Every structure is written in C-alpha cells, then in structure tokens.
4 protein chains.
Amino acid sequence: MYQDLKQACYEANMQLPKLGLVLFTFGNASVVDRQNRVFAIKPSGVPYETLRPEDIVIVDFANKIVEGTKRPSSDTKTHAVLYAHWEHIGGIVHTHSTYATAWAQAQLDIPILGTTHADHLTVDVPCAPPMSDQLIQGDYEHQTGWQILNEFQRRGLTPEEVEMVLIGNHAPFTWGKTVDKAVYNSAVLEEIARMAYLSCTLRPGVPRLKDALIRKHYERKHGAGSYYGQ
Amino acid sequence: MYQDLKQACYEANMQLPKLGLVLFTFGNASVVDRQNRVFAIKPSGVPYETLRPEDIVIVDFANKIVEGTKRPSSDTKTHAVLYAHWEHIGGIVHTHSTYATAWAQAQLDIPILGTTHADHLTVDVPCAPPMSDQLIQGDYEHQTGWQILNEFQRRGLTPEEVEMVLIGNHAPFTWGKTVDKAVYNSAVLEEIARMAYLSCTLRPGVPRLKDALIRKHYERKHGAGSYYGQ
Amino acid sequence: MYQDLKQACYEANMQLPKLGLVLFTFGNASVVDRQNRVFAIKPSGVPYETLRPEDIVIVDFANKIVEGTKRPSSDTKTHAVLYAHWEHIGGIVHTHSTYATAWAQAQLDIPILGTTHADHLTVDVPCAPPMSDQLIQGDYEHQTGWQILNEFQRRGLTPEEVEMVLIGNHAPFTWGKTVDKAVYNSAVLEEIARMAYLSCTLRPGVPRLKDALIRKHYERKHGAGSYYGQ
Amino acid sequence: MYQDLKQACYEANMQLPKLGLVLFTFGNASVVDRQNRVFAIKPSGVPYETLRPEDIVIVDFANKIVEGTKRPSSDTKTHAVLYAHWEHIGGIVHTHSTYATAWAQAQLDIPILGTTHADHLTVDVPCAPPMSDQLIQGDYEHQTGWQILNEFQRRGLTPEEVEMVLIGNHAPFTWGKTVDKAVYNSAVLEEIARMAYLSCTLRPGVPRLKDALIRKHYERKHGAGSYYGQ
C-alpha cells in the first residue's frame with residue numbers, strides 16, 4: 001500500500017552515505033504521509049549496502065507498526081513526536097555526521113559566523129542540553145523528541161525558520177518540508193559545523209555575523225523578496 | 001549566438017565540484033566576451049548534476065540578460081562590477097570552499113607563510129572587511145563588487161598581481177586572464193588557506209615568509225625572468 | 001586444510017584499506033580457529049594490492065607456523081597472547097589509523113564525550129602506557145600482548161565489554177567475537193577518536209558524558225534489554 | 001636511448017597524484033642512472049593528466065639536458081646536487097603535500113612521537129632553516145640542494161638513515177635507494193606529519209618517543225636483525 005512512501009524513504013536514506021554523513025548504520029531518514037498520519041522510516045541496524053525499499057517500515061504517530069516485517073529505527077519515537085507536533089514538516093533526518101556531532105559533544109551552539117550559515121538560518125544552530133537522568137531512564141527516544149520541542153519553545157524558534165538542531169552529547173537532527181530538504185539540511189549543517197570549527201580554532205572568540213548581513217542573506221533565499229534560484 | 005561562451009562557462013563551472021570546491025549550488029563561474037561586453041554565468045540555484053550548457057545565461061555589464069531563459073546567479077552584479085572595472089580579467093569564480101571561507105569568517109587575511117603561496121602572489125590574501133549596514137541593505141551584490149575594488153585600491157593592489165580575495169564573513173572570489181586560470185586560482189587559494197590554517201594552529205604567531213623568498217618564488221613563475229613551465 | 005580460515009582472514013584484511021584505516025602495509029587482521037587452537041594472519045609487509053588468500057599464514061598460540069610459506073605479521077605474537085588468554089574473541093585487528101594513533105602518540109585515553117562512543121563502550125578508550133625499556137628490549141611483540149592484558153586487569157575491564165585499546169606511543173588494537181566485528185570496531189574507534197579530537201580542541205576540558213546517558217545508549221545496543229537492530 | 005629510465009620516472013610521477021600528494025603541478029619525481037651519471041625528471045609545469053613518458057627529460061649532474069624536448073622541472077638543480085653528492089640514492093621526490101608543508105611553513109622539525117615514525121627513521125624529521133638572502137638571489141635551486149646537504153652535515157645525519165627533509169618555508173624532499181622508495185617515503189612523511197599535527201594540537205608539549213621504543217621499531221625494519229617483511 002505504501003510503496004511510493006517506502007521508495008521515497010529508501011532513496012533519502014541512500015543519500016546519507018553518498019554525502020559522507022553516516023558511518024555504518026549511524027543515521028536514518030523518514031518521510032511522512034500526512035493524510036494517513038503515518039511515516040516511513042529506515043529499519044534498525046540494517047547496513048545501507050543491503051537496504052532495500054521493501055525493508056522500510058511504516059509507523060503511525062503512536063509508534064505502532066502499520067506495515068513492514070522489520071523493527072523500525074531505534075529513533076522512531078523521536079521522529080513520531082516531531083511529526084505529531086510540527087504539522088508542516090515532511091521529512092526528518094538523523095545522522096552522527098562528524099563535525100556536527102563534535103559540536104554536540106562539546107555542548108555548544110554553532111555560532112553564526114558567515115553567509116553560508118545565514119543563507120539557511122538566522123540564528124546559531126541550537127544545541128539542546130542533555131535531559132535529566134529521570135527522563136533518560138524513562139521513555140528516552142520519546143523524550144528526545146520533547147527535548148527538541150521544548151528547546152525550540154524556550155528559544156522562541158519555529159521549525160519552519162530553523163530546520164536543524166543538535167542534541168547535546170548526542171548528534172544532529174534536521175527536517176524540512178520534504179525529506180530531500182531534510183537530507184540537504186544535514187549536509188549543509190555538517191559543512192556549517194566544519195567551517196565554524198575551523199574559524200573558532202583559528203581565531204578563538206571570533207565575533208558573530210552582524211544583523212544586516214544575516215537578514216540580507218537569509219532574505220535572498222527565503223520569503224517574499226527572495227531572488228535566489230529559478 | 002553565444003554558444004562557445006556558454007560552453008566555456010559550463011565547463012569551468014563543472015570543474016568546481018570535481019575539485020571539491022563547492023557543495024550543492026554554493027559557487028559559480030563566469031566568462032567574459034570583451035568585444036561584445038557581455039559575460040556568461042551559471043544560472044542561480046541550479047545543481048551541478050543537472051546543469052547543461054544551454055542553461056548558462058548571457059548578461060551585459062549593466063546586468064541585463066542578453067540571452068538565456070534562466071535567472072542568472074544571484075552574484076551576477078558582483079561579476080559585472082569586476083568585469084566593467086578590471087579590463088584584463090577574462091573569468092571570475094566564486095565558491096564557499098571550506099578553508100578559504102573559514103578564514104573569511106574569521107575576518108583575517110591569509111598570511112603568506114610559504115613558497116606555495118609565493119608562487120602565486122607576493123602578499124597576504126586580502127580579506128575585505130564587511131560593508132556598512134546601509135550598503136548591505138541597498139544594492140548588495142553590486143556593492144560587493146565595489147567592496148573588492150575599494151579594498152584593492154586601499155591596499156594598492158592590482159588584479160593582475162593578486163587574483164584572489166576574501167569577502168569578510170562571506171567567502172572567496174578569484175579571477176584570471178582566462179576562466180581556467182580563475183578556476184585554478186580557486187583551488188590554489190583553498191590549498192593555501194588549508195596549509196596556513198595548519199601552520200597557524202600548530203605554531204600561533206608563526207612569522208611571515210621573508211621578502212627574498214617571496215620575490216624569488218614569484219619571479220620564478222611570473223614576469224620577464226620567469227623560468228617555470230614550458 | 002585451513003582454506004576457509006584463510007579466506008575469512010583475507011577478506012577481513014581487505015576491508016582495512018577500503019575503510020581508509022591503513023596506509024601501505026600498516027595494519028593486519030587475524031581470525032582464530034578455537035577448535036584447532038590456531039589463527040590465520042596477514043603475512044608481514046605484503047601490500048594489500050597484491051595480497052592473495054593463499055598468502056595468509058596459519059600460526060598456533062605458541063607462534064609456530066602451521067601452514068603457509070610466508071613470514072607472518074611482525075605483530076603475530078601480540079595476537080597469540082590475546083587469543084590464548086581471552087577465550088571469547090574470534091578476531092583481532094591492528095591498524096595505525098590516523099586519529100586513533102594521534103591519541104596513542106599523545107598517551108591519552110579517548111574520553112567518552114558522546115552517544116556514538118557510548119553505543120559501543122561505557123568507559124574511555126584505554127591507552128596503555130609504554131612498557132619498560134627492559135621489556136621493549138626483550139620479546140617485544142609478546143610483551144605488547146601482556147601490556148594489553150595487564151592494563152585491562154589494572155582497570156578491571158573485560159574484553160567483552162571493551163573491544164578496543166590504544167598502545168601508548170604506538171597505535172590501536174581492536175577485537176570482537178568475529179573478525180568482522182573487530183574490523184567494525186577499528187572503524188568505529190577511528191571515528192570516535194576523530195570526533196573526540198574535534199570536541200577537545202574546540203572546547204578544552206569538555207566534560208565527560210553523564211552516567212545515565214552512557215548506560216542508556218550502551219544498553220540500547222547490548223545486553224538483555226537491548227532493542228537496536230533486527 | 002633512455003626509454004626505460006623515462007618510463008620509470010613517468011610511473012613514479014604518476015603515483016604522486018594517486019597518493020594525494022600533489023595539487024596541479026606542485027611536485028616532481030626523478031630517477032638516476034648512475035652508470036651514465038644522468039637522471040630522468042618531470043618536465044616543468046606539465047599537468048599529470050597530460051604527462052606522457054616521452055615528455056620526461058634526461059639531465060646530467062651539471063644540469064645539461066641530454067635528451068628531451070621539454071624544459072625540465074624548475075627544481076632540477078636541487079635534484080642534481082643531491083645525486084652528485086649522495087652516491088647511494090636512486091630516486092628523489094619533491095611535493096608540497098599539505099601537512100608536511102604546514103610543518104615546513106611553521107619552520108619546525110616534525111618530532112618523533114610514535115612507532116609509525118620510528119618504523120622509518122630514528123630522529124625528528126629535520127627542517128632546514130631558510131637560506132640567506134644572498135643565496136636566494138643567487139643560484140637558488142642549486143643552493144637548495146646545498147641547504148639540504150649542509151643541514152645533514154650539521155646534524156650528523158646520513159641520507160641512508162634519514163630519507164626525508166623539510167625545507168623551511170617551502171616543502172619536503174624525500175629520496176631512497178629506488179624512486180619507488182622515494183615515493184613511498186613521501187606518503188609516509190605526509191602521514192607522519194598529519195599524526196604529529198594532531199598529537200601536538202591535542203596535547204601541546206607532548207613528549208618524544210623514548211629511545212628504547214625508537215630503536216626497537218627502527219631495528220624491526222632495518223639492519224642485520226630486522227624481521228619485518230618477506
């Protein structure tokens with residue numbers, strides 16, 4: 001029944017190793033079907049080399065498997081929370097990409113230092129603090145979804161304007177209107193993280209980008225007056 | 001009419017991902033036709049994987065589209081200013097290559113530390129400071145061209161001797177007598193930026209190359225007494 | 001007689017250059033046959049490009065060659081000591097992979113900073129101190145095996161829970177129930193080492209991962225309550 | 001007449017881009033014919049993509065072209081001085097490989113920090129200080145050869161025991177009994193330089209490898225009691 005959804009999910013997942021964003025099975029992509037309130041997600045621990053479209057698992061927002069014979073990604077509950085609460089996102093990607101994860105391990109936001117960053121978002125890439133021990137010991141992956149939601153609320157961010165987050169001590173999640181955008185955002189985040197690492201180690205305490213440049217570059221690509229692309 | 005110009009521009013653009021200098025659509029190359037006072041440039045936001053020679057846009061020095069159905073690069077006005085004022089350059093390349101951009105984000109010139117650098121230019125790679133908020137909010141890409149021209153004038157540099165610049169907080173531009181030389185300069189700049197990053201983090205405060213070595217290496221490759229190449 | 005064992009050993013060795021873990025001949029993988037108390041190991045100094053399954057050498061736990069015409073890896077005695085004393089390991093891999101070796105050269109444990117690390121082990125990756133001059137001048141490779149055993153005993157670690165070690169000033173060894181797991185661990189170690197390098201240079205003194213997260217991530221993948229994979 | 005020599009030189013040169021040691025034309029390899037006191041060397045500024053065996057130039061120790069229609073490498077005189085004074089070397093390689101050049105730009109010896117280094121030489125990789133302005137302005141490439149010879153004499157090093165050097169502010173040269181060994185040494189040097197960079201930035205002031213380990217590892221691979229390889 002969900003063959004197209006599985007195919008789209010499969011193709012998005014296969015982009016991750018091609019873009020150098022995952023080692024072995026350290027990542028997953030999902031695609032939502034809003035009408036049926038289900039999403040397609042990578043099966044847990046299956047290597048990308050042997051992954052097939054029919055291995056993709058269909059899950060509903062309450063984490064119930066709707067179709068598929070494999071166990072879904074261990075991060076499925078995190079995806080479900082985000083889909084349930086953020087109505088306008090169409091796909092989610094989780095990786096342990098090297099530089100983004102290094103920032104998450106350092107428990108630091110990625111500061112906005114250049115136009116490459118401002119072309120995609122107007123604020124530092126937020127790093128959500130690790131959750132309390134009690135929550136970790138509870139329904140961990142479900143709580144990881146809430147960790148993201150709460151951090152966005154605390155900072156007054158919307159998932160439309162900021163399509164990426166670092167989970168402190170863990171790794172990044174990205175999303176977008178489509179899963180292709182979510183995959184794109186994962187690659188952009190890794191490059192932003194790498195450039196910021198280099199700038200910060202080259203010149204500790206380097207100042208943030210000034211507001212006028214942030215707004216100019218973001219608005220070139222987003223909103224009513226945008227003039228980037230076809 | 002401009003089929004050869006488009007083809008040359010297409011081929012130069014296709015070199016950028018091959019040389020590892022661009023992610024997704026973050027870069028563009030242009031080629032000028034001095035006789036007709038027009039230049040060929042990459043269309044905005046078109047991925048390199050699907051770019052075709054016929055997608056290339058022909059623009060005049062006043063930024064008017066002369067031929068082509070696509071919207072030209074959002075950086076077109078910067079190219080136009082440089083072509084209009086620097087009579088001897090034949091091609092321009094803009095990338096967000098990782099190490100060069102990291103230096104630009106740090107708002108630092110790339111110091112001349114070795115002969116790899118001196119083989120190509122005799123001074124630090126200049127980093128132009130970010131422009132005023134007023135100019136950013138005005139005709140931004142046009143002003144970016146002027147930002148480069150003014151910085152070169154302020155420092156007493158000529159575009160023949162120094163074929164590369166960093167825009168503070170943004171990214172590099174390079175140029176050359178031909179677009180192939182401009183592409184070559186982009187790759188050289190990235191490697192110079194990478195080596196200088198490593199030397200500076202290994203030994204903070206490392207001294208610049210001494211004058212005699214700068215002159216010797218530059219003159220091996222340039223000017224009347226050069227003896228490098230065939 | 002040991003054709004299957006040689007083939008398995010050959011295939012494991014050939015994974016190492018593919019995963020970017022070895023330059024030239026700087027590494028080796030071995031596979032044990034517990035029933036016959038022998039193991040198959042790469043011949044010494046043979047390039048991976050020309051290695052053939054029939055070049056693999058079969059050695060017993062006393063380092064006697066049982067089958068094969070080549071001289072076995074110069075690290076053979078280290079492998080023999082580990083197989084003789086750790087009954088449950090099925091394969092061993094030694095590399096000089098760049099980031100893991102950089103930590104070994106710095107004589108530092110790799111601190112546990114993130115969930116990528118905790119998915120695989122619950123403690124810092126141990127770095128065994130260099131052995132005494134007397135032992136170095138004696139039966140060096142045999143003593144290297146003891147260096148690992150002693151370090152594990154001193155720290156109260158078991159080879160089932162910690163499947164990797166750094167030899168101070170030298171390089172890493174990894175192992176596992178199977179040689180495929182040992183190869184996998186070598187690649188994981190290199191990535192953990194790289195991420196930790198980046199986090200530590202970005203934020204010197206970065207705190208370790210807290211216990212609740214360590215336990216949660218390790219137990220997702222290991223033990224009775226694990227729910228990762230198929 | 002020198003077809004075999006040209007072919008060997010061609011093949012050695014073609015290894016350099018494959019091993020990731022050269023960008024564009026930044027490097028060259030040469031092979032000596034001791035009987036005829038000539039050597040084959042890469043032509044100056046010819047890209048590796050278009051290099052052909054017949055482009056290789058044959059030069060004698062006084063830098064006279066013996067065979068070939070191209071201009072030889074601008075570094076030819078450096079090669080000639082080394083061949084004329086070091087009787088036992090069979091090939092020389094010069095690159096601007098990234099990490100080795102970063103150390104040269106920092107004007108620092110590469111400290112011996114691990115067994116990967118000690119497997120190949122027992123001392124720090126020497127970095128020769130830049131020569132005087134007078135010598136630079138004179139017969140520069142000839143003097144570069146003398147810069148290496150003098151530095152080796154000053155330190156009491158022999159070209160048989162130490163097959164690599166950094167020219168301060170410039171880049172590395174390596175050599176060996178054969179040109180293949182010289183190419184191998186260039187790749188080894190780059191990896192040693194990279195590991196040492198990482199160890200030194202991770203732990204500034206990291207101590208050198210102790211003597212017993214240096215001797216043990218070097219002697220495993222070299223001299224009468226060596227037992228590495230077939």
# chains A, B, ... in the order shown; residues from 1 in each chain; ligands from 1
>>> residues_around(residues="stretch 29-43 of chain C", least_positions_apart="6", cutoff="7 Å", atoms="only C-alpha atoms", output="list of chain:residue names")
C:Leu5, C:Lys6, C:Cys9, C:Ala12, C:Asn13, C:Asp55, C:Ile56, C:Val57, C:Ile58, C:Val59, C:Asp60, C:Phe61, C:Lys70, C:Arg71, C:Pro72, C:Ser73, C:Gly90, C:Gly91, C:Ile92, C:Val93, C:His94, C:Val179
>>> write_last_selection(atoms="N, CA, C and O atoms", output="mmCIF file, in the first residue's frame")
data_model
loop_
_atom_site.group_PDB
_atom_site.id
_atom_site.type_symbol
_atom_site.label_atom_id
_atom_site.label_comp_id
_atom_site.auth_asym_id
_atom_site.auth_seq_id
_atom_site.Cartn_x
_atom_site.Cartn_y
_atom_site.Cartn_z
ATOM 1 N N LEU C 5 39.466 -20.545 6.703
ATOM 2 C CA LEU C 5 40.033 -19.615 7.683
ATOM 3 C C LEU C 5 40.882 -18.553 6.967
ATOM 4 O O LEU C 5 40.803 -17.363 7.270
ATOM 5 N N LYS C 6 41.659 -19.019 5.985
ATOM 6 C CA LYS C 6 42.489 -18.084 5.211
ATOM 7 C C LYS C 6 41.622 -17.107 4.426
ATOM 8 O O LYS C 6 41.933 -15.916 4.340
ATOM 9 N N CYS C 9 40.179 -14.537 6.738
ATOM 10 C CA CYS C 9 41.239 -13.610 7.151
ATOM 11 C C CYS C 9 41.575 -12.653 6.013
ATOM 12 O O CYS C 9 41.731 -11.446 6.219
ATOM 13 N N ALA C 12 38.822 -10.023 5.642
ATOM 14 C CA ALA C 12 38.872 -9.031 6.729
ATOM 15 C C ALA C 12 40.011 -8.045 6.482
ATOM 16 O O ALA C 12 39.839 -6.828 6.615
ATOM 17 N N ASN C 13 41.164 -8.554 6.095
ATOM 18 C CA ASN C 13 42.298 -7.662 5.802
ATOM 19 C C ASN C 13 41.974 -6.688 4.679
ATOM 20 O O ASN C 13 42.338 -5.514 4.751
ATOM 21 N N ASP C 55 48.279 -16.411 0.543
ATOM 22 C CA ASP C 55 49.425 -15.810 1.251
ATOM 23 C C ASP C 55 49.233 -15.792 2.768
ATOM 24 O O ASP C 55 50.192 -15.578 3.513
ATOM 25 N N ILE C 56 47.994 -15.959 3.198
ATOM 26 C CA ILE C 56 47.686 -15.896 4.635
ATOM 27 C C ILE C 56 48.412 -17.033 5.361
ATOM 28 O O ILE C 56 48.520 -18.147 4.838
ATOM 29 N N VAL C 57 48.922 -16.736 6.559
ATOM 30 C CA VAL C 57 49.716 -17.699 7.313
ATOM 31 C C VAL C 57 48.892 -18.234 8.490
ATOM 32 O O VAL C 57 48.174 -17.480 9.141
ATOM 33 N N ILE C 58 49.005 -19.550 8.734
ATOM 34 C CA ILE C 58 48.326 -20.177 9.880
ATOM 35 C C ILE C 58 49.370 -20.412 10.978
ATOM 36 O O ILE C 58 50.410 -21.025 10.734
ATOM 37 N N VAL C 59 49.086 -19.895 12.179
ATOM 38 C CA VAL C 59 50.037 -19.922 13.291
ATOM 39 C C VAL C 59 49.322 -20.479 14.519
ATOM 40 O O VAL C 59 48.119 -20.258 14.683
ATOM 41 N N ASP C 60 50.051 -21.204 15.368
ATOM 42 C CA ASP C 60 49.399 -21.643 16.617
ATOM 43 C C ASP C 60 49.680 -20.652 17.746
ATOM 44 O O ASP C 60 50.375 -19.654 17.538
ATOM 45 N N PHE C 61 49.127 -20.927 18.937
ATOM 46 C CA PHE C 61 49.201 -19.940 20.035
ATOM 47 C C PHE C 61 50.613 -19.805 20.599
ATOM 48 O O PHE C 61 50.897 -18.925 21.399
ATOM 49 N N LYS C 70 54.811 -17.875 3.749
ATOM 50 C CA LYS C 70 55.277 -16.518 4.032
ATOM 51 C C LYS C 70 55.577 -16.370 5.530
ATOM 52 O O LYS C 70 55.075 -17.131 6.360
ATOM 53 N N ARG C 71 56.323 -15.337 5.838
ATOM 54 C CA ARG C 71 56.562 -14.973 7.225
ATOM 55 C C ARG C 71 55.304 -14.232 7.727
ATOM 56 O O ARG C 71 54.811 -13.342 7.036
ATOM 57 N N PRO C 72 54.775 -14.596 8.891
ATOM 58 C CA PRO C 72 53.557 -13.911 9.363
ATOM 59 C C PRO C 72 53.870 -12.503 9.853
ATOM 60 O O PRO C 72 55.026 -12.148 10.074
ATOM 61 N N SER C 73 52.820 -11.710 10.039
ATOM 62 C CA SER C 73 52.930 -10.331 10.533
ATOM 63 C C SER C 73 53.893 -10.227 11.703
ATOM 64 O O SER C 73 53.926 -11.116 12.564
ATOM 65 N N GLY C 90 37.116 -13.749 18.631
ATOM 66 C CA GLY C 90 37.244 -14.545 17.408
ATOM 67 C C GLY C 90 38.135 -13.899 16.356
ATOM 68 O O GLY C 90 38.563 -14.560 15.409
ATOM 69 N N GLY C 91 38.417 -12.603 16.523
ATOM 70 C CA GLY C 91 39.257 -11.909 15.547
ATOM 71 C C GLY C 91 39.903 -10.688 16.167
ATOM 72 O O GLY C 91 39.385 -10.130 17.148
ATOM 73 N N ILE C 92 41.048 -10.309 15.619
ATOM 74 C CA ILE C 92 41.813 -9.155 16.112
ATOM 75 C C ILE C 92 42.241 -8.302 14.921
ATOM 76 O O ILE C 92 42.611 -8.844 13.871
ATOM 77 N N VAL C 93 42.205 -6.970 15.096
ATOM 78 C CA VAL C 93 42.666 -6.073 14.049
ATOM 79 C C VAL C 93 43.638 -5.050 14.644
ATOM 80 O O VAL C 93 43.398 -4.506 15.726
ATOM 81 N N HIS C 94 44.720 -4.813 13.950
ATOM 82 C CA HIS C 94 45.691 -3.791 14.327
ATOM 83 C C HIS C 94 45.829 -2.826 13.156
ATOM 84 O O HIS C 94 46.003 -3.263 12.016
ATOM 85 N N VAL C 179 35.861 -11.685 13.388
ATOM 86 C CA VAL C 179 36.813 -10.738 12.818
ATOM 87 C C VAL C 179 36.072 -9.565 12.175
ATOM 88 O O VAL C 179 36.576 -8.440 12.154
#
>>> select_by_dssp(residues="stretch 41-92 of chain C", states="alpha helix (DSSP H)", output="list in words")
Thr76, Lys77, Thr78, His79, Ala80, Val81, Leu82, Tyr83, Ala84 and His85 of chain C
>>> write_last_selection(atoms="C-alpha atoms", output="PDB file, in the first residue's frame")
ATOM      1  CA  THR C  76      51.815 -12.118  15.391  1.00  0.00           C
ATOM      2  CA  LYS C  77      52.958 -12.692  18.972  1.00  0.00           C
ATOM      3  CA  THR C  78      50.656  -9.932  20.227  1.00  0.00           C
ATOM      4  CA  HIS C  79      47.703 -11.640  18.549  1.00  0.00           C
ATOM      5  CA  ALA C  80      48.762 -15.018  20.018  1.00  0.00           C
ATOM      6  CA  VAL C  81      48.837 -13.709  23.589  1.00  0.00           C
ATOM      7  CA  LEU C  82      45.370 -12.204  23.253  1.00  0.00           C
ATOM      8  CA  TYR C  83      43.853 -15.358  21.719  1.00  0.00           C
ATOM      9  CA  ALA C  84      45.472 -17.559  24.365  1.00  0.00           C
ATOM     10  CA  HIS C  85      44.119 -15.530  27.276  1.00  0.00           C
TER      11      HIS C  85
END
>>> select_by_dssp(residues="stretch 110-140 of chain A", states="strand (DSSP E or B)", output="PyMOL selection string")
chain A and resi 110+125+127-128
>>> closest_residue(among="C:Thr158, C:Thr144, C:Gln15, C:Gln153", to="chain D", atoms="only C-alpha atoms")
C:Thr144
>>> closest_residue(among="A:Ala100, A:Val46, A:Ile214, A:Val183", to="A:Leu121", atoms="only C-alpha atoms")
A:Ile214
>>> atom_distance(atom1="atom CA of C:Ala62", atom2="atom CA of C:Pro172")
22.8 Å
>>> interface_residues(of="chain B", to="chain A", cutoff="7 Å", atoms="only C-alpha atoms", output="list in words")
Ser44, Gly45, Val46, Lys70, Arg71, Ser74, Thr98, Ala102, Trp103, Gln105, Ala106, Asp133, Ile136, Gln137, Asn169, His170, Tyr197 and Thr201 of chain B
>>> atom_distance(atom1="atom CA of C:Thr50", atom2="atom CA of C:Ala193")
29.9 Å
>>> atom_distance(atom1="atom CA of A:Lys177", atom2="atom CA of A:Glu87")
9.7 Å
